[in-house]
Every structure is written in structure tokens, then in C-alpha cells.
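First comes the structure, then the notes that go with it.
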Amino acid sequence: MNIEKLLEGIDYIDKNIGNDRDIEGISSNSREIKENYIFLAIKGLEFDGHKFIGSAIENGANTIVYTNKDIDFRDGINYIRVDDSRIALAQISNKLSNYPSKKLRMIGVTGTNGKTTTANMISFILTKLGDSCGNIGTDGADLIYKTIATEHTTPEITDINNILIEANKLNLKNIVMETSSHGLYLKRCFGIDYDYGVFTNLSPEHMDFHKDMENYFKAKMILIQNCKKAIINKDDDYGKKALKLVKNPISISINEESDFRALDIKKIDEGLSFKIKGINFKLKRFGIYDIYNALCAIAIASDLGYRLEDIADVLKDFKGVKSRLEFIENDLAINIVVDFAHTSTAFENIYKVLPKDKDIYAVYGISGDRTVEIREAIGEISAKYGVFSVITVDDPKFDTFENISNDIVRGIKKRNGKYKIIENRKDAIKYAIKSAKKGDFVLCLGKGEENFLKLKANIKTHYYEKDTIREVLKEI
Ligand SMILES: CC(=O)N[C@H]1[C@@H](OP(=O)(O)OP(=O)(O)OC[C@H]2O[C@@H](n3ccc(=O)[nH]c3=O)[C@H](O)[C@@H]2O)O[C@H](CO)[C@@H](O)[C@@H]1O[C@H](C)C(=O)N[C@@H](C)C(=O)N[C@H](CCC(=O)O)C(=O)O
Ligand SMILES: Nc1ncnc2c1ncn2[C@@H]1O[C@H](COP(=O)(O)OP(=O)(O)OP(=O)(O)O)[C@@H](O)[C@H]1O
């Protein structure tokens, strides 16, 4: 497609045409530019993409999309000035890739906790019902017959489109994707028509980026107010607020009256059982919060016309998502659990479901970009539930382990809780396992499936929680 054809239907202010060569691809990263690509210069939070226009041309760009007024033009290059380069990136990428999302039923899932689990439940249920569903999220893209690694929970729009093109080739009918608040705010999903948008819940996270809860909520609402049908958790305070912002939402709940309410919740040997509209459901999960995740998935499948009895029959086989309340086998009869909890709500939800007559050791640290308040809150919640905190390194990034652990300890001390500080994560896990007796719980929290630690700045050092636990078990 040449530039004139490509520009039809794209919002731009000015154009200066220097060539009519076909455009082969698009990127906002100069390092990814190849021969005959378009380079989108984005003024980012860290860098100004306009500085890389020269190197993009060196790498083969034939077209530059920009916002700064005073840039130098070179002969033979197209220059297109736009008002918002993130929107332009999305519009051009969607057009160049021939709108792959339009050939799919698109389901977005947003909220602070439960995105990955809910998305996995949705793809599991739909696929088992014969309605093939791929999944894009924190653990990469799973297109049933093919997996693709991704950088972000919600990838850049150009990466999303490449994944959707693959989904089209594989004839998938649905794609469920986690839409993070960063992704929504930075317009990584701009132009994707979501058939469904799910809002799980909202609690403080990513305050370094959004500054306050109002902005954080607004970012989430970009999905909820722009999708065709919203599924909203009515038991959540922000869910109640969201319900007022959309037409014809579908509400889910446990406590309040709603369209899909789980009643008669019981703990059973295999996990949990509950009823929706008189139909029995079984879930092989122990966290009550997973009922909320299941309700969102059930609501979508039901809205698509599947019978609740058939959905229940499929859901009973859902075994969970890797590193979300995952038990690690061992010969010590200790309950060693890996969980990706990294918000105070997630910590509290796990503590709530554990037996009161067992000792609980939680091995955790908190990422350097989380606020002091979150660190203190997690320390305090751990102490409130009588949990022994083994404070260790998570991803200190641009902060120090010492600062982070001091903040956690301040929270623990508010409730006179027990704790030990062991910086090396493997040593911390070893300490917790050695301290636990048969039947006790050792919770390894926060890293989940991530395969790195960011000990200094954003530099990744290889680390994988489950391998470390297995090494420790061999050494004990
Ligand atoms: C806050 C955030 O999300 N920032 C992302 C964003 O940065 P940005 O737009 O401000 O860009 P920038 O780094 O300032 O660079 C400006 C422009 O110059 C370009 N550039 C830069 C250098 C160069 O040599 N050449 C070049 O062209 C960049 O590609 C970019 O287009 O765009 C960059 C390029 O795509 C991302 O790398 C960067 O992710 C950062 C590193 C990040 O860690 N993001 C996390 C927080 C994130 O997005 N997380 C959410 C989920 C979180 C959760 O729920 O847990 C996610 O969806 O993954
Ligand atoms: N509905 C929920 N409410 C509260 N906590 C939850 C809920 N679902 C999951 N959790 C907790 O949050 C952790 C992360 O779950 P999950 O990965 O599904 O969430 P997420 O929103 O995708 O997180 P992230 O975007 O950071 O990957 C789980 O391990 C569990 O501890």
C-alpha cells in the first residue's frame, strides 16, 4: 500500500510526500525499523522519539509520522504531521494489517486483580464449548495451536495486530485479552472494537504512573465505556461506579442482587461449589475471589447463548492458571504455594482462605515502583492474619532493598507481627521451608511466572520461582 492510499481515513494535519514506495511495516521503535517501514515518532515518558528519526531513516524508513513542528525534512522521504502519534500509530497499524480484530469476537478484561485468571477461564470455557478462543496477557499469547511471547501484558498495538493476524490464519473465533491500565492509557488497544469488556475490581496499584485512584479508574473505563457490552463486578465499590457509566451492563456478584449472582457457596473437597440461577457449579479453586473471576466468564458464555448447565459441565474441569495458588509437590508434607499476588487485596484474599490452625510463612518483597503505602499495607495485612513474613527481594528496580523492607516492617510493627529479613530470595525460601512443620503453609508471593528479578534499575537477572523452590527442596 502506498502512502496516499494508506492516509485515506487516517487523521493527519499535514503531509509532505517524497516517495510513493509501498509501505511494508510500521513501528514506533527506531531499532525495529526495516526497509520501507513507517516510523512513528512518539514523545514518550522517557525518550522523545523525534530524536530517533535520523536512525529510523538510516534503517530504511520511507515515511515519518511526527507531532513536533520544527523537524528537518530530507528529500525522498514522506513526512506526515499528526496531532496524537499514539492514535496515528494505532490507526495506521490497524489499516496496514487490514483490521484483523474485526474478524474476531474481541473480549477485553481489565481490573486490578484477576485479569489473567478471568481471561483464562473465558478462553477455557469458550474453547471447550467449541467456540475457539485465543488469549493475550501477562503470560504471553496463547493461540491454542501456537504460543507467542510478549513484552507487555497488553502489547503495543503493532504487536497486538501481528498476533491477531496469526489468530485469523488459525481460524480462531474469539480473542480474550488483558487490557492493563497502562495499555489503555497509552492507547495500545485504540481502534479495537471490543464485543465484551470485563471489569473485575479496583484497588490501589500503579500509583507511580496514574498518580491517584480517579485517574486509574478513568484508564480502566476506556475499555468499559467503549465496548459493546460490559460485565461488571457489583460487589466492588468502583464496579458500582462503573455500572452507572454504561448502558445495559451485565452485573455479577456474590453479595448484592445482580444479573449473575453466586449463591449457596460451599467449600467442598475439590474446591468450591455454588449456584447461579439454581444451576450447580463446581470450581477446582480454593479462593472465594476465583468465584468472581468465574462469574465474569460464565456471564459472557451465557450471554453468547450457551446454557448454564453446559457451562458448569465445562468449568468443573478448569484446573487454574500457572502460579495462581499453585501447590508445589514435595515430600515434606508442607503446603508450598506459588502465587502471583502483588497487591494488598491479593495478599489478604489468600490469607483469608488458609486454615487458621496452621502456621503460615509468606516469602515476599515488593517491587520498587510500588508506593510506600502499599508496602506498609501489605506488611500490616500479613501481621493482621498472623502470618510470619520472610521479607526478601522482589524487583527493587530504582529503589533499594533496604528502603522497601523498612517500609514493609513499619506495617508489620503496627500489628506486632513476626518477621525476618533475608535479602537473597532463595535463602529466604529455604528459611521458610525449614521453619515450617507438616501441614503448615509456605507462600512464595509476587514473582509467579516471571522469569527475572530486576535487582538494579530495569536490568533483568534470570530467576524463576518454581525452579528455585525445587532447588531448595533438593538441598534440604
Ligand atoms: C509506562 C509505560 O508503559 N511505558 C512504555 C512506553 O513508554 P513510552 O511511550 O513513554 O516510550 P519511551 O520509552 O519514553 O520512548 C519514546 C519512544 O521512543 C522510541 N525509541 C526509544 C529508544 C530508541 O532507541 N528508539 C526509539 O525509537 C520508543 O520506542 C518510543 O516509541 O512505551 C515503551 C515502548 O513500547 C515501553 O517500553 C514502555 O514500557 C515500560 C518499559 C514498562 O515497563 N511498562 C509497564 C509498566 C507496563 O506497560 N505494564 C502493563 C501492565 C502492568 C500490570 O498490570 O501489572 C503492561 O501492559 O504490561
Ligand atoms: N478476583 C480477584 N480478586 C482479588 N484477588 C484476586 C482475584 N483474582 C486473582 N487474585 C489474586 O491476584 C493474583 C494475580 O491474579 P491474576 O494474575 O489473575 O491477576 P492480574 O490482574 O492478571 O494481575 P497482573 O496483571 O498483575 O498479571 C492471584 O494470584 C491472586 O492472588
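The chains in the C-alpha cells are called A, B, ... from first to last as shown; in each chain the residues are counted from 1, and the ligands are counted from 1 in the order shown.
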Mind listing the residues within 6 Å of ligand 2, only C-alpha atoms and all ligand atoms counted, as a ChimeraX atom specification? /A:112-117,138,289-290,292-293,324-325,339-341,345-346
Store the residues of this selection in a file with C-alpha atoms, as an mmCIF file, in the first residue's frame.
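Okay, this is what ended up in result-v9.cif:
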data_model
loop_
_atom_site.group_PDB
_atom_site.id
_atom_site.type_symbol
_atom_site.label_atom_id
_atom_site.label_comp_id
_atom_site.auth_asym_id
_atom_site.auth_seq_id
_atom_site.Cartn_x
_atom_site.Cartn_y
_atom_site.Cartn_z
ATOM 1 C CA THR A 112 -6.541 -4.625 39.371
ATOM 2 C CA ASN A 113 -6.718 -8.316 40.266
ATOM 3 C CA GLY A 114 -7.916 -11.370 38.406
ATOM 4 C CA LYS A 115 -7.326 -10.345 34.783
ATOM 5 C CA THR A 116 -5.161 -13.358 33.886
ATOM 6 C CA THR A 117 -7.358 -15.837 35.745
ATOM 7 C CA THR A 138 0.683 -11.419 31.230
ATOM 8 C CA TYR A 289 -12.228 -14.439 44.752
ATOM 9 C CA ASP A 290 -12.000 -17.031 41.973
ATOM 10 C CA TYR A 292 -15.832 -13.561 40.950
ATOM 11 C CA ASN A 293 -13.464 -14.451 38.101
ATOM 12 C CA ARG A 324 -2.015 -18.576 40.811
ATOM 13 C CA LEU A 325 -2.444 -20.530 44.078
ATOM 14 C CA ASP A 339 1.053 -17.116 43.880
ATOM 15 C CA PHE A 340 1.411 -14.011 41.759
ATOM 16 C CA ALA A 341 -0.175 -11.782 44.451
ATOM 17 C CA THR A 345 -6.102 -7.132 48.247
ATOM 18 C CA ALA A 346 -4.496 -10.188 46.649
#
8 Å from ligand 1 is the threshold here; counting only C-alpha atoms and all ligand atoms, which polymer residues fall inside it? Answer as an MDAnalysis selection string. chainID A and resid 27:31 40:53 56 112 138 151:156 178:183 186 206 209
Among the residues A:Asp193, A:Asp303, A:Glu205, A:Glu326, the one that comes closest to A:Asp369 [using only C-alpha atoms]: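 Of all the options, A:Glu205 lies closest to A:Asp369.
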List every residue of stretch 5-117 of chain A that DSSP, applied to the backbone of this structure, places in alpha helix (DSSP H), and write the result as a PyMOL selection string. chain A and resi 5-7+53-58+85-96+115-117
Got a sec to tell me which of stretch 185-264 of chain A DSSP assigns to strand (DSSP E or B), as a ChimeraX atom specification? /A:196-199,229-233,250-253,260-261,263-264
Output file for the residues above (N, CA and C atoms, as a PDB file, in the first residue's frame):
ATOM      1  N   TYR A 196     -17.012  -7.488  24.203  1.00  0.00           N
ATOM      2  CA  TYR A 196     -17.248  -7.509  25.647  1.00  0.00           C
ATOM      3  C   TYR A 196     -16.081  -6.839  26.361  1.00  0.00           C
ATOM      4  N   GLY A 197     -16.386  -6.163  27.466  1.00  0.00           N
ATOM      5  CA  GLY A 197     -15.352  -5.611  28.342  1.00  0.00           C
ATOM      6  C   GLY A 197     -15.670  -6.046  29.757  1.00  0.00           C
ATOM      7  N   VAL A 198     -14.685  -6.619  30.442  1.00  0.00           N
ATOM      8  CA  VAL A 198     -14.919  -7.109  31.806  1.00  0.00           C
ATOM      9  C   VAL A 198     -14.182  -6.223  32.801  1.00  0.00           C
ATOM     10  N   PHE A 199     -14.864  -5.836  33.871  1.00  0.00           N
ATOM     11  CA  PHE A 199     -14.226  -5.059  34.945  1.00  0.00           C
ATOM     12  C   PHE A 199     -14.277  -5.903  36.219  1.00  0.00           C
ATOM     13  N   LYS A 229     -20.598  -4.508  25.202  1.00  0.00           N
ATOM     14  CA  LYS A 229     -21.300  -4.955  26.414  1.00  0.00           C
ATOM     15  C   LYS A 229     -20.301  -5.093  27.557  1.00  0.00           C
ATOM     16  N   ALA A 230     -20.648  -4.500  28.711  1.00  0.00           N
ATOM     17  CA  ALA A 230     -19.707  -4.556  29.846  1.00  0.00           C
ATOM     18  C   ALA A 230     -20.197  -5.531  30.905  1.00  0.00           C
ATOM     19  N   ILE A 231     -19.247  -6.321  31.441  1.00  0.00           N
ATOM     20  CA  ILE A 231     -19.544  -7.240  32.544  1.00  0.00           C
ATOM     21  C   ILE A 231     -18.867  -6.624  33.773  1.00  0.00           C
ATOM     22  N   ILE A 232     -19.627  -6.320  34.808  1.00  0.00           N
ATOM     23  CA  ILE A 232     -19.077  -5.531  35.917  1.00  0.00           C
ATOM     24  C   ILE A 232     -19.375  -6.184  37.271  1.00  0.00           C
ATOM     25  N   ASN A 233     -18.340  -6.188  38.123  1.00  0.00           N
ATOM     26  CA  ASN A 233     -18.470  -6.747  39.473  1.00  0.00           C
ATOM     27  C   ASN A 233     -19.186  -5.735  40.381  1.00  0.00           C
ATOM     28  N   ILE A 250     -23.936  -5.950  32.215  1.00  0.00           N
ATOM     29  CA  ILE A 250     -24.305  -7.215  32.861  1.00  0.00           C
ATOM     30  C   ILE A 250     -23.574  -7.209  34.194  1.00  0.00           C
ATOM     31  N   SER A 251     -24.290  -7.325  35.294  1.00  0.00           N
ATOM     32  CA  SER A 251     -23.627  -7.276  36.597  1.00  0.00           C
ATOM     33  C   SER A 251     -23.432  -8.688  37.153  1.00  0.00           C
ATOM     34  N   ILE A 252     -22.342  -8.841  37.917  1.00  0.00           N
ATOM     35  CA  ILE A 252     -22.083 -10.128  38.592  1.00  0.00           C
ATOM     36  C   ILE A 252     -21.823  -9.807  40.070  1.00  0.00           C
ATOM     37  N   SER A 253     -22.062 -10.774  40.936  1.00  0.00           N
ATOM     38  CA  SER A 253     -21.848 -10.504  42.369  1.00  0.00           C
ATOM     39  C   SER A 253     -21.958 -11.775  43.194  1.00  0.00           C
ATOM     40  N   PHE A 260     -25.924 -12.026  37.469  1.00  0.00           N
ATOM     41  CA  PHE A 260     -25.346 -13.353  37.709  1.00  0.00           C
ATOM     42  C   PHE A 260     -24.777 -13.363  39.130  1.00  0.00           C
ATOM     43  N   ARG A 261     -25.588 -13.887  40.059  1.00  0.00           N
ATOM     44  CA  ARG A 261     -25.163 -13.882  41.463  1.00  0.00           C
ATOM     45  C   ARG A 261     -24.874 -15.312  41.922  1.00  0.00           C
ATOM     46  N   LEU A 263     -24.764 -18.003  44.661  1.00  0.00           N
ATOM     47  CA  LEU A 263     -25.405 -18.223  45.963  1.00  0.00           C
ATOM     48  C   LEU A 263     -25.010 -19.605  46.483  1.00  0.00           C
ATOM     49  N   ASP A 264     -25.284 -19.816  47.757  1.00  0.00           N
ATOM     50  CA  ASP A 264     -25.080 -21.143  48.342  1.00  0.00           C
ATOM     51  C   ASP A 264     -23.629 -21.631  48.168  1.00  0.00           C
TER      52      ASP A 264
END
Find the residue from A:Asn403, A:Gln91, A:Ser273, A:Asn19 that sits nearest to A:Lys187; use only C-alpha atoms when measuring.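 Smallest separation from A:Lys187 among the options: A:Gln91.
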Contacts of A:Leu245 at 9 Å (only C-alpha atoms; same-chain gap of 5+ positions) as a list in words: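 That gives Met221, Ile224 and Gln225 of chain A.
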Skipping near chain neighbours, those fewer than 4 positions away, what residues fall within 9 Å of stretch 319-323 of chain A using only C-alpha atoms, listed as number ranges by chain? A: 116-117, 120-121, 283-285, 315, 327, 337-340, 447-449, 466
Please write the residues from the selection above to a file, keeping N, CA and C atoms, as a PDB file, in the first residue's frame.
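Saved the output as again30.pdb:
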ATOM      1  N   THR A 116      -5.686 -12.148  34.530  1.00  0.00           N
ATOM      2  CA  THR A 116      -5.161 -13.358  33.886  1.00  0.00           C
ATOM      3  C   THR A 116      -6.085 -14.544  34.147  1.00  0.00           C
ATOM      4  N   THR A 117      -6.527 -14.683  35.401  1.00  0.00           N
ATOM      5  CA  THR A 117      -7.358 -15.837  35.745  1.00  0.00           C
ATOM      6  C   THR A 117      -8.694 -15.771  34.999  1.00  0.00           C
ATOM      7  N   ASN A 120      -8.250 -16.521  31.356  1.00  0.00           N
ATOM      8  CA  ASN A 120      -8.025 -17.957  31.135  1.00  0.00           C
ATOM      9  C   ASN A 120      -9.310 -18.759  31.289  1.00  0.00           C
ATOM     10  N   MET A 121     -10.149 -18.353  32.240  1.00  0.00           N
ATOM     11  CA  MET A 121     -11.429 -19.065  32.400  1.00  0.00           C
ATOM     12  C   MET A 121     -12.292 -18.857  31.156  1.00  0.00           C
ATOM     13  N   LEU A 283     -15.940 -25.622  41.227  1.00  0.00           N
ATOM     14  CA  LEU A 283     -14.704 -24.982  40.780  1.00  0.00           C
ATOM     15  C   LEU A 283     -13.549 -25.607  41.538  1.00  0.00           C
ATOM     16  N   LYS A 284     -12.531 -26.076  40.803  1.00  0.00           N
ATOM     17  CA  LYS A 284     -11.367 -26.667  41.481  1.00  0.00           C
ATOM     18  C   LYS A 284     -10.427 -25.561  41.961  1.00  0.00           C
ATOM     19  N   ARG A 285     -10.925 -24.599  42.713  1.00  0.00           N
ATOM     20  CA  ARG A 285     -10.132 -23.488  43.225  1.00  0.00           C
ATOM     21  C   ARG A 285     -10.538 -23.243  44.669  1.00  0.00           C
ATOM     22  N   LEU A 315     -16.741 -25.937  33.168  1.00  0.00           N
ATOM     23  CA  LEU A 315     -15.959 -25.201  34.169  1.00  0.00           C
ATOM     24  C   LEU A 315     -15.417 -26.111  35.273  1.00  0.00           C
ATOM     25  N   PHE A 327       0.081 -25.263  43.993  1.00  0.00           N
ATOM     26  CA  PHE A 327       0.767 -26.037  45.039  1.00  0.00           C
ATOM     27  C   PHE A 327       1.969 -26.756  44.424  1.00  0.00           C
ATOM     28  N   VAL A 337       3.144 -22.993  48.267  1.00  0.00           N
ATOM     29  CA  VAL A 337       2.240 -22.405  47.272  1.00  0.00           C
ATOM     30  C   VAL A 337       2.929 -21.240  46.567  1.00  0.00           C
ATOM     31  N   VAL A 338       2.825 -21.232  45.245  1.00  0.00           N
ATOM     32  CA  VAL A 338       3.332 -20.075  44.494  1.00  0.00           C
ATOM     33  C   VAL A 338       2.127 -19.257  44.046  1.00  0.00           C
ATOM     34  N   ASP A 339       2.160 -17.969  44.316  1.00  0.00           N
ATOM     35  CA  ASP A 339       1.053 -17.116  43.880  1.00  0.00           C
ATOM     36  C   ASP A 339       1.596 -15.773  43.427  1.00  0.00           C
ATOM     37  N   PHE A 340       0.955 -15.261  42.387  1.00  0.00           N
ATOM     38  CA  PHE A 340       1.411 -14.011  41.759  1.00  0.00           C
ATOM     39  C   PHE A 340       0.829 -12.784  42.470  1.00  0.00           C
ATOM     40  N   LYS A 447       6.278 -13.229  42.500  1.00  0.00           N
ATOM     41  CA  LYS A 447       7.044 -13.389  41.248  1.00  0.00           C
ATOM     42  C   LYS A 447       6.281 -14.236  40.219  1.00  0.00           C
ATOM     43  N   GLY A 448       5.537 -15.226  40.717  1.00  0.00           N
ATOM     44  CA  GLY A 448       4.727 -16.048  39.806  1.00  0.00           C
ATOM     45  C   GLY A 448       5.529 -16.628  38.658  1.00  0.00           C
ATOM     46  N   GLU A 449       5.039 -16.421  37.467  1.00  0.00           N
ATOM     47  CA  GLU A 449       5.669 -16.993  36.266  1.00  0.00           C
ATOM     48  C   GLU A 449       6.794 -16.128  35.705  1.00  0.00           C
ATOM     49  N   LYS A 466       9.581 -21.226  40.693  1.00  0.00           N
ATOM     50  CA  LYS A 466       9.337 -22.659  40.900  1.00  0.00           C
ATOM     51  C   LYS A 466      10.630 -23.466  40.795  1.00  0.00           C
TER      52      LYS A 466
END
Write out as a ChimeraX atom specification each polymer residue whose atoms come within 10 Å of stretch 419-422 of chain A, counting only C-alpha atoms; drop sequence neighbours fewer than 2 positions from it. /A:361-365,379,382-383,387-393,402,405-406,408-409,412-413,416-417,424-429,431-432
Give the answer as one residue: which of A:Asp131, A:Gly137, A:Ile17, A:Leu172 has the shortest atom-to-atom distance to A:Tyr79, using only C-alpha atoms? A:Ile17
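By chain and then residue number, the residues within 10 Å of A:Phe217 are Gly111, Thr112, Ser181, Asn201, Leu202, Ser203, Pro204, His210, Tyr238, Gly239, Lys241 and Ala242 of chain A, counting only C-alpha atoms and disregarding those fewer than 6 positions away in sequence.
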Neighbour list for A:Pro100 as an MDAnalysis selection string, cut-off 6 Å, only C-alpha atoms, skip fewer than 2 positions in-chain: chainID A and resid 98 102:103 164:165
With distances taken over only C-alpha atoms, the candidate from A:Lys244, A:Lys434, A:Arg415, A:Lys266 nearest A:Ile291 is A:Lys266
Which one is closest to A:Leu455: A:Asp407, A:Asp440, A:Glu423, A:Asp237? Count only C-alpha atoms.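 For A:Leu455, the nearest of the given residues is A:Glu423.
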When you count only C-alpha atoms, which of these residues is closest to A:Asn174: A:Ala301, A:Ile80, A:Ala90, A:Ala377?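 Selected residue with least distance to A:Asn174: A:Ala301.
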